[in-house]
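S.K.: Got a file for you: query_17.csv, CSV, C-alpha atoms.
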chain,number,residue,atom,x,y,z
A,1,MET,CA,-7.4,7.3,-5.1
A,2,VAL,CA,-8.9,10.4,-3.5
A,3,GLY,CA,-12.4,11.1,-4.7
A,4,GLU,CA,-13.5,14.4,-6.3
A,5,ASP,CA,-15.4,15.5,-3.2
A,6,ALA,CA,-12.4,14.9,-1.0
A,7,VAL,CA,-10.2,16.8,-3.4
A,8,ALA,CA,-12.6,19.7,-3.4
A,9,ALA,CA,-12.6,19.7,0.4
A,10,LEU,CA,-8.8,19.8,0.5
A,11,HIS,CA,-8.8,22.7,-2.0
A,12,ALA,CA,-11.3,24.7,0.1
A,13,ARG,CA,-9.2,24.4,3.3
A,14,SER,CA,-6.3,26.6,2.3
A,15,PRO,CA,-4.8,28.1,-0.9
A,16,TYR,CA,-1.6,26.4,0.3
A,17,ASN,CA,-3.0,22.9,0.7
A,18,VAL,CA,-0.8,20.4,-1.3
A,19,GLY,CA,-4.0,19.1,-2.9
A,20,HIS,CA,-3.8,22.1,-5.3
A,21,VAL,CA,-0.6,20.6,-6.6
A,22,GLU,CA,-1.2,16.9,-6.3
A,23,SER,CA,-4.7,17.1,-7.8
A,24,PRO,CA,-4.8,20.4,-9.7
A,25,ARG,CA,-8.1,21.9,-10.8
A,26,THR,CA,-8.4,24.9,-13.0
A,27,ALA,CA,-11.2,26.7,-14.8
A,28,GLY,CA,-9.2,26.5,-18.0
A,29,GLY,CA,-5.7,26.0,-19.4
A,30,ASP,CA,-3.1,23.4,-18.5
A,31,ARG,CA,-3.7,22.2,-15.0
A,32,TYR,CA,-0.2,20.6,-14.8
A,33,ALA,CA,1.4,24.0,-15.7
A,34,HIS,CA,-0.9,25.5,-13.0
A,35,ALA,CA,0.5,23.1,-10.5
A,36,ALA,CA,4.1,24.0,-11.5
A,37,ALA,CA,3.3,27.7,-11.2
A,38,LEU,CA,1.9,27.2,-7.7
A,39,LEU,CA,5.0,25.4,-6.5
A,40,ASP,CA,7.2,28.2,-7.9
A,41,ALA,CA,5.0,30.9,-6.2
A,42,TRP,CA,5.0,29.0,-2.9
A,43,GLN,CA,8.8,29.0,-2.9
A,44,ARG,CA,9.0,32.7,-3.7
A,45,GLU,CA,6.5,33.4,-0.8
A,46,GLY,CA,8.4,31.3,1.7
A,47,VAL,CA,5.6,28.7,2.0
A,48,LEU,CA,8.1,26.1,0.9
A,49,ILE,CA,11.7,26.3,2.0
A,50,ARG,CA,14.8,24.2,1.3
A,51,GLU,CA,17.2,23.0,3.9
A,52,ASP,CA,20.7,24.5,3.6
A,53,ALA,CA,22.4,21.2,4.4
A,54,PRO,CA,21.6,17.5,3.7
A,55,ALA,CA,19.0,16.1,6.1
A,56,TYR,CA,16.6,13.3,6.6
A,57,TYR,CA,13.1,13.8,8.0
A,58,VAL,CA,11.7,11.3,10.5
A,59,TYR,CA,7.9,11.1,10.1
A,60,GLU,CA,5.8,9.5,12.8
A,61,GLN,CA,2.2,8.5,12.5
A,62,ARG,CA,0.0,7.4,15.4
A,63,THR,CA,-3.3,5.8,14.5
A,64,ALA,CA,-5.9,3.6,16.0
A,65,ILE,CA,-6.2,0.0,14.7
A,66,GLY,CA,-9.1,-1.6,16.5
A,67,ALA,CA,-8.6,-0.9,20.2
A,68,GLU,CA,-4.9,-0.4,19.9
A,69,ARG,CA,-2.9,2.8,19.2
A,70,VAL,CA,0.0,2.1,16.8
A,71,ALA,CA,2.9,4.4,16.0
A,72,ARG,CA,5.0,3.9,12.8
A,73,ARG,CA,8.2,5.9,12.0
A,74,CYS,CA,9.8,6.2,8.6
A,75,CYS,CA,12.6,8.4,7.2
A,76,PHE,CA,11.9,10.6,4.2
A,77,ALA,CA,14.8,10.5,1.8
A,78,ARG,CA,15.8,10.6,-1.9
A,79,MET,CA,16.2,7.1,-3.2
A,80,GLN,CA,18.1,6.3,-6.4
A,81,LEU,CA,16.0,4.7,-9.1
A,82,SER,CA,16.9,1.2,-10.2
A,83,PRO,CA,15.0,-0.9,-12.8
A,84,PHE,CA,13.3,-3.9,-11.2
A,85,ALA,CA,15.4,-6.3,-13.3
A,86,GLU,CA,18.5,-5.3,-11.3
A,87,GLY,CA,17.0,-6.6,-8.1
A,88,VAL,CA,18.0,-3.7,-5.9
A,89,VAL,CA,14.5,-2.2,-5.7
A,90,ARG,CA,11.8,-4.9,-5.7
A,91,PRO,CA,8.1,-4.7,-6.2
A,92,HIS,CA,6.0,-7.0,-4.1
A,93,GLU,CA,2.7,-7.1,-6.0
A,94,HIS,CA,1.2,-6.7,-9.5
A,95,THR,CA,-0.4,-3.4,-10.1
A,96,MET,CA,-3.6,-2.7,-11.9
A,97,SER,CA,-3.7,-0.1,-14.6
A,98,GLY,CA,-3.5,3.2,-12.8
A,99,PRO,CA,-3.3,6.9,-13.6
A,100,LYS,CA,0.3,6.7,-14.8
A,101,ALA,CA,-0.2,9.1,-17.7
A,102,ASP,CA,-1.6,11.7,-15.4
A,103,ARG,CA,1.2,11.2,-12.8
A,104,LEU,CA,3.8,11.4,-15.6
A,105,ALA,CA,2.3,14.6,-16.9
A,106,LEU,CA,2.4,16.1,-13.4
A,107,LEU,CA,6.0,15.1,-12.8
A,108,SER,CA,7.1,16.4,-16.2
A,109,ALA,CA,5.5,19.8,-15.5
A,110,THR,CA,6.6,20.3,-11.9
A,111,ARG,CA,9.8,18.2,-11.7
A,112,VAL,CA,8.9,17.6,-8.1
A,113,ASN,CA,8.0,14.3,-6.3
A,114,ILE,CA,4.9,15.3,-4.3
A,115,SER,CA,3.7,11.9,-3.0
A,116,PRO,CA,6.3,9.6,-1.4
A,117,LEU,CA,6.7,5.9,-1.8
A,118,LEU,CA,6.8,3.7,1.3
A,119,VAL,CA,9.8,1.4,1.0
A,120,MET,CA,11.1,-1.2,3.4
A,121,TYR,CA,14.7,-1.9,4.1
A,122,GLU,CA,16.6,-4.2,6.5
A,123,ASP,CA,18.3,-2.6,9.5
A,124,ALA,CA,20.2,-5.7,10.6
A,125,SER,CA,22.5,-4.0,13.1
A,126,GLY,CA,19.8,-1.7,14.5
A,127,ALA,CA,22.1,1.3,13.8
A,128,ALA,CA,19.5,3.2,11.8
A,129,ALA,CA,16.9,2.6,14.5
A,130,SER,CA,19.2,3.9,17.2
A,131,ALA,CA,20.0,7.0,15.1
A,132,ILE,CA,16.3,7.6,14.6
A,133,GLU,CA,15.5,7.1,18.3
A,134,GLY,CA,18.1,9.7,19.2
A,135,ALA,CA,16.9,12.2,16.6
A,136,THR,CA,13.4,12.0,17.9
A,137,ALA,CA,14.2,12.6,21.6
A,138,GLY,CA,13.6,16.3,21.2
A,139,GLU,CA,10.5,18.2,20.3
A,140,PRO,CA,9.3,17.7,16.7
A,141,VAL,CA,9.4,20.6,14.2
A,142,TYR,CA,5.9,19.7,13.1
A,143,ALA,CA,2.9,18.2,15.0
A,144,ALA,CA,-0.7,18.0,14.0
A,145,THR,CA,-3.8,15.8,14.4
A,146,ASP,CA,-6.0,15.2,11.4
A,147,ASP,CA,-9.8,14.8,11.1
A,148,ARG,CA,-9.6,11.0,11.8
A,149,GLY,CA,-7.7,11.6,15.0
A,150,ASP,CA,-4.4,10.4,13.6
A,151,GLU,CA,-1.3,12.2,14.9
A,152,HIS,CA,1.5,13.3,12.6
A,153,ARG,CA,4.9,14.4,13.9
A,154,MET,CA,8.2,15.2,12.1
A,155,TRP,CA,11.8,15.7,13.1
A,156,ILE,CA,14.7,17.0,11.0
A,157,VAL,CA,17.8,14.7,11.2
A,158,ASP,CA,20.9,16.8,10.3
A,159,ASP,CA,23.5,15.3,12.5
A,160,PRO,CA,26.2,13.9,10.2
A,161,ALA,CA,26.7,10.7,12.3
A,162,ALA,CA,22.9,10.0,12.4
A,163,ILE,CA,22.7,10.7,8.6
A,164,GLU,CA,25.6,8.3,8.0
A,165,ALA,CA,24.1,5.5,10.2
A,166,ILE,CA,20.7,5.7,8.3
A,167,THR,CA,22.4,5.9,4.9
A,168,ALA,CA,24.7,3.0,5.6
A,169,ALA,CA,21.8,0.7,6.8
A,170,ALA,CA,19.7,1.6,3.7
A,171,ALA,CA,22.6,1.2,1.3
A,172,ASP,CA,23.5,-2.2,2.6
A,173,SER,CA,19.9,-3.5,2.0
A,174,THR,CA,17.7,-4.3,-0.9
A,175,ALA,CA,14.6,-2.1,-1.0
A,176,THR,CA,11.1,-3.6,-1.2
A,177,ILE,CA,8.3,-1.3,-2.2
A,178,ALA,CA,5.5,-1.5,0.3
A,179,ASP,CA,3.2,1.2,-1.2
A,180,GLY,CA,3.6,3.4,-4.3
A,181,HIS,CA,4.4,0.9,-7.1
A,182,HIS,CA,2.6,3.2,-9.7
A,183,ARG,CA,4.6,6.2,-8.5
A,184,TYR,CA,7.9,4.3,-8.8
A,185,GLU,CA,7.0,3.1,-12.3
A,186,THR,CA,6.1,6.6,-13.3
A,187,ALA,CA,9.5,7.8,-12.0
A,188,LEU,CA,11.2,5.1,-14.1
A,189,ASN,CA,9.2,6.2,-17.1
A,190,TYR,CA,10.2,9.8,-16.6
A,191,LEU,CA,13.9,8.9,-16.3
A,192,GLY,CA,13.5,6.9,-19.5
A,193,GLU,CA,12.2,10.0,-21.2
A,194,ARG,CA,14.8,12.3,-19.8
A,195,GLY,CA,17.8,10.0,-20.2
A,196,ALA,CA,20.6,9.1,-17.7
A,197,GLY,CA,22.2,12.6,-18.2
A,198,ASP,CA,19.4,14.1,-16.1
A,199,GLU,CA,20.8,13.7,-12.6
A,200,GLY,CA,17.7,14.9,-10.8
A,201,ALA,CA,15.4,12.4,-12.6
A,202,ARG,CA,17.5,9.5,-11.2
A,203,TRP,CA,15.9,10.0,-7.8
A,204,VAL,CA,12.5,9.5,-6.2
A,205,LEU,CA,11.0,10.6,-2.8
A,206,ALA,CA,10.6,7.6,-0.4
A,207,GLY,CA,9.6,7.1,3.2
A,208,LEU,CA,12.2,4.4,4.3
A,209,VAL,CA,10.9,2.1,7.0
A,210,SER,CA,12.7,-0.8,8.6
A,211,GLU,CA,11.2,-4.2,8.1
A,212,ASP,CA,11.4,-4.6,11.9
A,213,GLU,CA,9.6,-1.3,12.7
A,214,PRO,CA,7.0,-2.3,15.4
A,215,GLY,CA,4.3,-0.1,13.9
A,216,LEU,CA,4.6,-1.5,10.4
A,217,VAL,CA,1.1,-2.8,10.0
A,218,VAL,CA,-0.5,-4.6,7.1
A,219,LEU,CA,-4.2,-4.9,7.0
A,220,PRO,CA,-6.2,-7.4,5.0
A,221,THR,CA,-8.0,-6.6,1.7
A,222,HIS,CA,-11.1,-8.7,1.3
A,223,ARG,CA,-12.4,-10.0,-2.1
A,224,LEU,CA,-15.9,-9.0,-3.3
A,225,LEU,CA,-17.5,-10.8,-6.3
A,226,PRO,CA,-20.3,-8.7,-7.7
A,227,ASP,CA,-21.6,-11.4,-10.1
A,228,ALA,CA,-20.3,-14.6,-8.7
A,229,ARG,CA,-22.9,-17.1,-10.3
A,230,PRO,CA,-21.7,-20.2,-8.4
A,231,SER,CA,-22.7,-23.5,-10.0
A,232,ALA,CA,-25.3,-25.7,-8.4
A,233,ASP,CA,-22.6,-28.0,-7.0
A,234,PHE,CA,-20.4,-25.2,-5.8
A,235,ALA,CA,-20.8,-26.0,-2.1
A,236,ASP,CA,-20.1,-29.7,-2.8
A,237,ARG,CA,-17.0,-29.0,-4.8
A,238,LEU,CA,-15.8,-26.5,-2.2
A,239,GLY,CA,-16.4,-29.1,0.5
A,240,GLU,CA,-13.9,-31.5,-1.1
A,241,LEU,CA,-11.0,-29.3,0.0
A,242,TYR,CA,-12.5,-27.2,2.8
A,243,GLU,CA,-14.5,-27.8,5.9
A,244,ILE,CA,-17.5,-25.4,5.8
A,245,GLU,CA,-18.9,-24.2,9.1
A,246,ALA,CA,-21.9,-21.9,9.5
A,247,PHE,CA,-21.9,-18.9,11.8
A,248,ASP,CA,-24.7,-16.7,13.2
A,249,SER,CA,-22.5,-13.6,13.8
A,250,LEU,CA,-20.2,-11.6,11.5
A,251,ASP,CA,-18.0,-10.8,14.5
A,252,ALA,CA,-17.7,-14.4,15.5
A,253,LEU,CA,-16.9,-15.4,12.0
A,254,TRP,CA,-14.2,-12.8,11.6
A,255,SER,CA,-12.7,-13.8,14.9
A,256,ALA,CA,-12.5,-17.4,13.8
A,257,VAL,CA,-10.9,-16.4,10.5
A,258,GLN,CA,-8.2,-14.4,12.4
A,259,ALA,CA,-7.7,-17.3,14.9
A,260,GLY,CA,-6.8,-19.4,11.9
A,261,ALA,CA,-4.2,-17.0,10.5
A,262,ALA,CA,-1.4,-19.6,11.0
A,263,ASN,CA,-3.3,-21.8,8.5
A,264,PRO,CA,-3.3,-19.9,5.2
A,265,GLY,CA,-6.2,-22.0,4.0
A,266,THR,CA,-8.7,-20.3,6.3
A,267,PHE,CA,-11.3,-17.9,4.9
A,268,GLY,CA,-14.6,-16.3,5.6
A,269,LEU,CA,-17.3,-16.7,3.0
A,270,LEU,CA,-20.2,-14.2,2.9
A,271,GLY,CA,-23.4,-14.7,0.9
A,272,LEU,CA,-23.6,-18.5,0.5
A,273,GLY,CA,-27.1,-19.5,1.6
A,274,GLY,CA,-28.4,-20.0,5.1
A,275,SER,CA,-27.0,-17.3,7.4
A,276,GLY,CA,-24.7,-16.2,4.6
A,277,LEU,CA,-21.8,-16.5,7.1
A,278,HIS,CA,-19.4,-19.4,6.7
A,279,LEU,CA,-15.9,-20.3,7.8
A,280,LEU,CA,-13.8,-22.2,5.3
A,281,ARG,CA,-10.9,-24.3,6.8
A,282,ALA,CA,-8.6,-26.4,4.6
A,283,ARG,CA,-9.0,-30.1,5.4
A,284,SER,CA,-5.3,-30.7,4.6
A,285,ALA,CA,-2.4,-28.4,4.1
A,286,ALA,CA,-0.8,-30.9,1.8
A,287,ALA,CA,-3.9,-31.1,-0.4
A,288,VAL,CA,-4.0,-27.3,-0.7
A,289,ASP,CA,-0.3,-27.2,-1.5
A,290,ALA,CA,-0.8,-29.8,-4.2
A,291,ARG,CA,-3.2,-27.4,-6.0
A,292,MET,CA,-0.6,-24.6,-6.1
A,293,PRO,CA,1.7,-24.2,-9.2
A,294,GLY,CA,4.8,-26.3,-8.6
A,295,GLU,CA,7.1,-23.6,-10.1
A,296,TRP,CA,6.1,-21.1,-7.4
A,297,SER,CA,8.3,-20.6,-4.4
A,298,PRO,CA,7.2,-22.0,-1.0
A,299,ALA,CA,6.6,-18.3,0.0
A,300,SER,CA,4.1,-17.8,-2.7
A,301,ARG,CA,2.4,-21.1,-2.3
A,302,ALA,CA,1.7,-20.3,1.4
A,303,LEU,CA,0.1,-16.9,0.7
A,304,ALA,CA,-3.6,-16.8,1.6
A,305,VAL,CA,-4.6,-14.6,-1.3
A,306,LEU,CA,-2.9,-17.0,-3.8
A,307,ILE,CA,-4.4,-20.0,-2.2
A,308,LEU,CA,-7.8,-18.4,-2.5
A,309,ASN,CA,-7.2,-17.7,-6.2
A,310,GLU,CA,-5.8,-21.1,-7.0
A,311,THR,CA,-8.2,-23.3,-5.1
A,312,ILE,CA,-11.5,-21.4,-5.2
A,313,LEU,CA,-11.7,-18.3,-7.4
A,314,ALA,CA,-10.2,-19.7,-10.5
A,315,PRO,CA,-11.3,-23.4,-10.5
A,316,LEU,CA,-14.7,-23.1,-8.9
A,317,LEU,CA,-15.8,-19.6,-10.0
A,318,GLY,CA,-13.9,-19.1,-13.2
A,319,LEU,CA,-12.1,-15.9,-12.0
A,320,ASP,CA,-8.6,-15.9,-13.5
A,321,ALA,CA,-6.1,-13.1,-13.5
A,322,ALA,CA,-7.9,-11.4,-16.3
A,323,ALA,CA,-11.1,-11.2,-14.2
A,324,PHE,CA,-9.3,-8.9,-11.7
A,325,THR,CA,-8.3,-6.4,-14.3
A,326,ALA,CA,-11.8,-6.6,-15.9
A,327,GLY,CA,-13.5,-5.5,-12.7
A,328,ARG,CA,-15.1,-8.8,-11.9
A,329,VAL,CA,-13.4,-8.7,-8.5
A,330,GLU,CA,-13.7,-5.7,-6.1
A,331,PHE,CA,-12.0,-5.0,-2.8
A,332,SER,CA,-12.7,-3.8,0.7
A,333,GLU,CA,-10.6,-3.4,3.8
A,334,ASP,CA,-13.6,-3.4,6.1
A,335,VAL,CA,-15.4,-6.6,7.2
A,336,GLU,CA,-18.7,-4.9,8.0
A,337,GLU,CA,-18.6,-3.1,4.7
A,338,ALA,CA,-18.0,-6.4,2.9
A,339,TRP,CA,-21.0,-7.9,4.7
A,340,GLU,CA,-23.3,-5.0,3.9
A,341,TRP,CA,-22.2,-5.0,0.3
A,342,THR,CA,-22.9,-8.7,0.0
A,343,ARG,CA,-26.5,-8.3,1.3
A,344,ALA,CA,-27.2,-5.3,-0.9
A,345,GLY,CA,-27.5,-7.1,-4.2
A,346,PRO,CA,-28.1,-10.5,-5.8
A,347,ARG,CA,-25.4,-13.0,-6.9
A,348,ARG,CA,-22.9,-11.4,-4.5
A,349,LEU,CA,-20.2,-13.3,-2.6
A,350,ALA,CA,-17.3,-12.0,-0.6
A,351,PHE,CA,-14.3,-13.8,0.8
A,352,LEU,CA,-12.6,-12.5,4.0
A,353,VAL,CA,-8.8,-13.1,4.1
A,354,ASN,CA,-6.2,-12.6,6.8
A,355,SER,CA,-3.5,-10.0,6.5
A,356,THR,CA,-0.3,-10.8,4.5
A,357,ARG,CA,2.6,-10.5,7.0
A,358,VAL,CA,5.6,-8.3,6.4
A,359,ASP,CA,8.0,-11.3,6.4
A,360,GLN,CA,5.9,-12.9,3.7
A,361,VAL,CA,6.1,-9.7,1.6
A,362,VAL,CA,9.9,-9.8,1.9
A,363,SER,CA,10.1,-13.5,1.2
A,364,VAL,CA,8.1,-13.3,-2.0
A,365,ALA,CA,10.3,-10.4,-3.1
A,366,ASP,CA,13.4,-12.4,-2.2
A,367,ALA,CA,12.2,-15.2,-4.5
A,368,GLY,CA,11.8,-12.7,-7.4
A,369,GLU,CA,8.1,-13.1,-7.4
A,370,VAL,CA,5.1,-10.8,-6.9
A,371,MET,CA,1.8,-11.1,-5.3
A,372,PRO,CA,-1.6,-10.4,-6.9
A,373,GLN,CA,-2.9,-6.9,-6.8
A,374,LYS,CA,-4.4,-5.7,-3.5
A,375,SER,CA,-2.6,-8.4,-1.5
A,376,THR,CA,-1.4,-5.9,1.1
A,377,PHE,CA,-2.7,-2.7,2.6
A,378,PHE,CA,0.0,-1.0,4.6
A,379,TYR,CA,-1.7,1.3,7.1
A,380,PRO,CA,-1.8,4.2,7.5
A,381,LYS,CA,-1.0,5.8,4.2
A,382,LEU,CA,1.8,8.3,4.2
A,383,ALA,CA,0.5,11.9,4.2
A,384,THR,CA,1.2,13.8,1.0
A,385,GLY,CA,3.0,17.1,1.3
A,386,MET,CA,5.0,16.6,4.5
A,387,VAL,CA,8.2,16.7,2.4
A,388,LEU,CA,8.6,17.4,-1.4
A,389,ASN,CA,11.6,16.3,-3.5
A,390,PRO,CA,12.5,18.8,-6.3
A,391,LEU,CA,14.4,17.1,-9.1
A,392,ASP,CA,16.3,20.2,-10.0
A,393,GLU,CA,19.5,20.7,-7.9
Hey, can you dump this file as structure tokens for me?
M.R.:
Amino acid sequence: MVGEDAVAALHARSPYNVGHVESPRTAGGDRYAHAAALLDAWQREGVLIREDAPAYYVYEQRTAIGAERVARRCCFARMQLSPFAEGVVRPHEHTMSGPKADRLALLSATRVNISPLLVMYEDASGAAASAIEGATAGEPVYAATDDRGDEHRMWIVDDPAAIEAITAAAADSTATIADGHHRYETALNYLGERGAGDEGARWVLAGLVSEDEPGLVVLPTHRLLPDARPSADFADRLGELYEIEAFDSLDALWSAVQAGAANPGTFGLLGLGGSGLHLLRARSAAAVDARMPGEWSPASRALAVLILNETILAPLLGLDAAAFTAGRVEFSEDVEEAWEWTRAGPRRLAFLVNSTRVDQVVSVADAGEVMPQKSTFFYPKLATGMVLNPLDE
């Protein structure tokens, strides 16, 4: 979610900033109707234009992740909605209650998809990748650098052969939602309200990205416990399943956690006595697996976030699934932030986890299962407003 200060800053930048539509603010009246009126006015003024012929839009983002510069490409397209039960479009994680009513009201008023989903597909033959590579050989139609230093570039793909190659690859694959579960569910709810006779409502704006895209990066989301209250024998009980090693440096601890990525039973624990910096390493993979629900697939039983839930958070700290929705677990993508947060108040613990890999996301979806909320953080987020999808033909 974008905070109020950030929304105000976007509004102040330009009367044509998409924030005026995505997060409308008015002195009075219906803000959703205001957003719809803005979109109509922008089309009349030529601020927004529609292509005369079918096209895809290749969108490239270049961002710094640590010391490395990473580029990720996706293809903006309209994707046909399909209920999750059909298995064509699959979620990969549970969602917490989000602003679905707000998003539905905005979609109902504007009949425009403003923010895209990020959706993964399998490009087994590489035909789509080849078409995208060819389409991006020339100069982009749009290029900009944002305040963070991230680069954004976009190309229009209107060659029929390239369009066919991309379409065929996506059509032959299942689709796994990487980011945007709430937006997809909102689109399904809107279709349910409108009925199958509304052709426009059967589609949603998606950034399609190949599962093999080199720049498809998933960052970890660490778990913060604001009122942990571990029992007196917590360390002893923890030590039955995990080796516990103290560290003097946060950087050294995080490096050790990352070095153990191949062992999903490896975590950093912040705030537990002494230096407050401890490495947890499972004593036995078999012992960890024995604690996981037997009805789960091997893919789910090997997920670090689920191992953390099933072997530590629930049995040792009393944090079940309901605790997540009740706000008893918070989240951070930044190791330093998690450490500073832990030291800023009493009874605080934090667990550092490794990233969930893309192949794990797909394997869990293939098994018909979903991960806990905040299991993945696909980075960077797609920018809003690069391409809009009007539902009216």
S.K.: Could you check which of A:His20, A:Phe377, A:Asn309, A:Ala162 is closest to Ala322 (chain A), using all atoms listed in the file?
M.R.: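 For Ala322 (chain A), the nearest of the candidates is A:Asn309.
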S.K.: Find the residues around region 175-185 of chain A up to 6 Å (all atoms listed in the file counted), leave out those fewer than 4 positions away in its own chain, and share them as a PyMOL selection string.
M.R.: chain A and resi 89-91+117-121
S.K.: For the residues selected in the previous step, produce a file with C-alpha atoms as a compact mmCIF listing (two decimals), keeping the file's coordinate frame.
M.R.:
# COMPACT_ATOMS: atom_id res chain seq x y z
CA VAL A 89 14.50 -2.20 -5.70
CA ARG A 90 11.80 -4.90 -5.70
CA PRO A 91 8.10 -4.70 -6.20
CA LEU A 117 6.70 5.90 -1.80
CA LEU A 118 6.80 3.70 1.30
CA VAL A 119 9.80 1.40 1.00
CA MET A 120 11.10 -1.20 3.40
CA TYR A 121 14.70 -1.90 4.10
S.K.: Near Ala302 (chain A), counting all atoms listed in the file, which residues have an atom at most 8 Å away, once you skip same-chain residues fewer than 4 positions from it, shown as a ChimeraX atom specification?
M.R.: /A:264,289,298,306-307
S.K.: Applying 6 Å and only C-alpha atoms, which residues near Arg72 (chain A) remain after dropping the ones on its own chain fewer than 4 positions away? List them as a list in words.
M.R.: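 Once the adjacent positions are removed, what remains is Glu60, Gln61, Gly215 and Leu216 of chain A.
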S.K.: Which one is closest to Asp198 (chain A): A:Arg50, A:Arg328, A:Arg111, A:Lys374? Count only C-alpha atoms.
M.R.: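 Looking only at the distances to Asp198 (chain A), the closest residue turns out to be A:Arg111.
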S.K.: Report as a PyMOL selection string all protein, DNA and RNA residues lying within 9 Å of Val18 (chain A), evaluated on only C-alpha atoms, omitting residues in the same chain fewer than 5 positions from it.
M.R.: chain A and resi 10-11+23+114+384-385
S.K.: Could you check how far CA of Arg229 (chain A) sits from CA of Asp320 (chain A), in Å to one decimal?
M.R.: 14.7 Å
S.K.: Extract region 25-36 of chain A from the coordinates I pasted, and write it as a CSV table (one decimal), in the first residue's frame (atoms kept: N, CA, C and O atoms).
M.R.:
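Contents of part_14.csv, freshly written:
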chain,number,residue,atom,x,y,z
A,25,ARG,N,-8.5,11.6,-4.6
A,25,ARG,CA,-8.8,12.5,-3.4
A,25,ARG,C,-9.6,13.7,-3.9
A,25,ARG,O,-9.2,14.4,-4.9
A,26,THR,N,-10.7,13.9,-3.3
A,26,THR,CA,-11.5,15.1,-3.6
A,26,THR,C,-11.9,15.8,-2.4
A,26,THR,O,-12.0,15.2,-1.3
A,27,ALA,N,-12.2,17.1,-2.5
A,27,ALA,CA,-12.7,17.9,-1.4
A,27,ALA,C,-14.1,17.5,-1.0
A,27,ALA,O,-14.5,17.6,0.2
A,28,GLY,N,-14.8,16.9,-1.9
A,28,GLY,CA,-16.2,16.5,-1.6
A,28,GLY,C,-16.7,15.7,-2.8
A,28,GLY,O,-16.1,15.6,-3.8
A,29,GLY,N,-17.8,15.0,-2.6
A,29,GLY,CA,-18.4,14.2,-3.7
A,29,GLY,C,-17.8,12.8,-3.7
A,29,GLY,O,-17.1,12.4,-2.9
A,30,ASP,N,-18.2,12.1,-4.8
A,30,ASP,CA,-17.8,10.8,-5.0
A,30,ASP,C,-16.4,10.7,-5.7
A,30,ASP,O,-16.2,11.1,-6.8
A,31,ARG,N,-15.4,10.2,-4.9
A,31,ARG,CA,-14.0,10.2,-5.4
A,31,ARG,C,-13.9,9.2,-6.6
A,31,ARG,O,-13.0,9.4,-7.4
A,32,TYR,N,-14.7,8.1,-6.6
A,32,TYR,CA,-14.6,7.2,-7.7
A,32,TYR,C,-15.1,7.8,-9.0
A,32,TYR,O,-14.6,7.6,-10.0
A,33,ALA,N,-16.2,8.5,-8.9
A,33,ALA,CA,-16.8,9.2,-10.0
A,33,ALA,C,-15.8,10.2,-10.5
A,33,ALA,O,-15.6,10.5,-11.7
A,34,HIS,N,-15.1,10.9,-9.6
A,34,HIS,CA,-14.0,11.8,-9.9
A,34,HIS,C,-12.9,11.2,-10.7
A,34,HIS,O,-12.4,11.7,-11.8
A,35,ALA,N,-12.5,10.0,-10.3
A,35,ALA,CA,-11.5,9.2,-11.1
A,35,ALA,C,-11.9,8.9,-12.5
A,35,ALA,O,-11.2,9.0,-13.4
A,36,ALA,N,-13.2,8.5,-12.6
A,36,ALA,CA,-13.7,8.2,-13.9
A,36,ALA,C,-13.8,9.4,-14.8
A,36,ALA,O,-13.5,9.3,-16.0
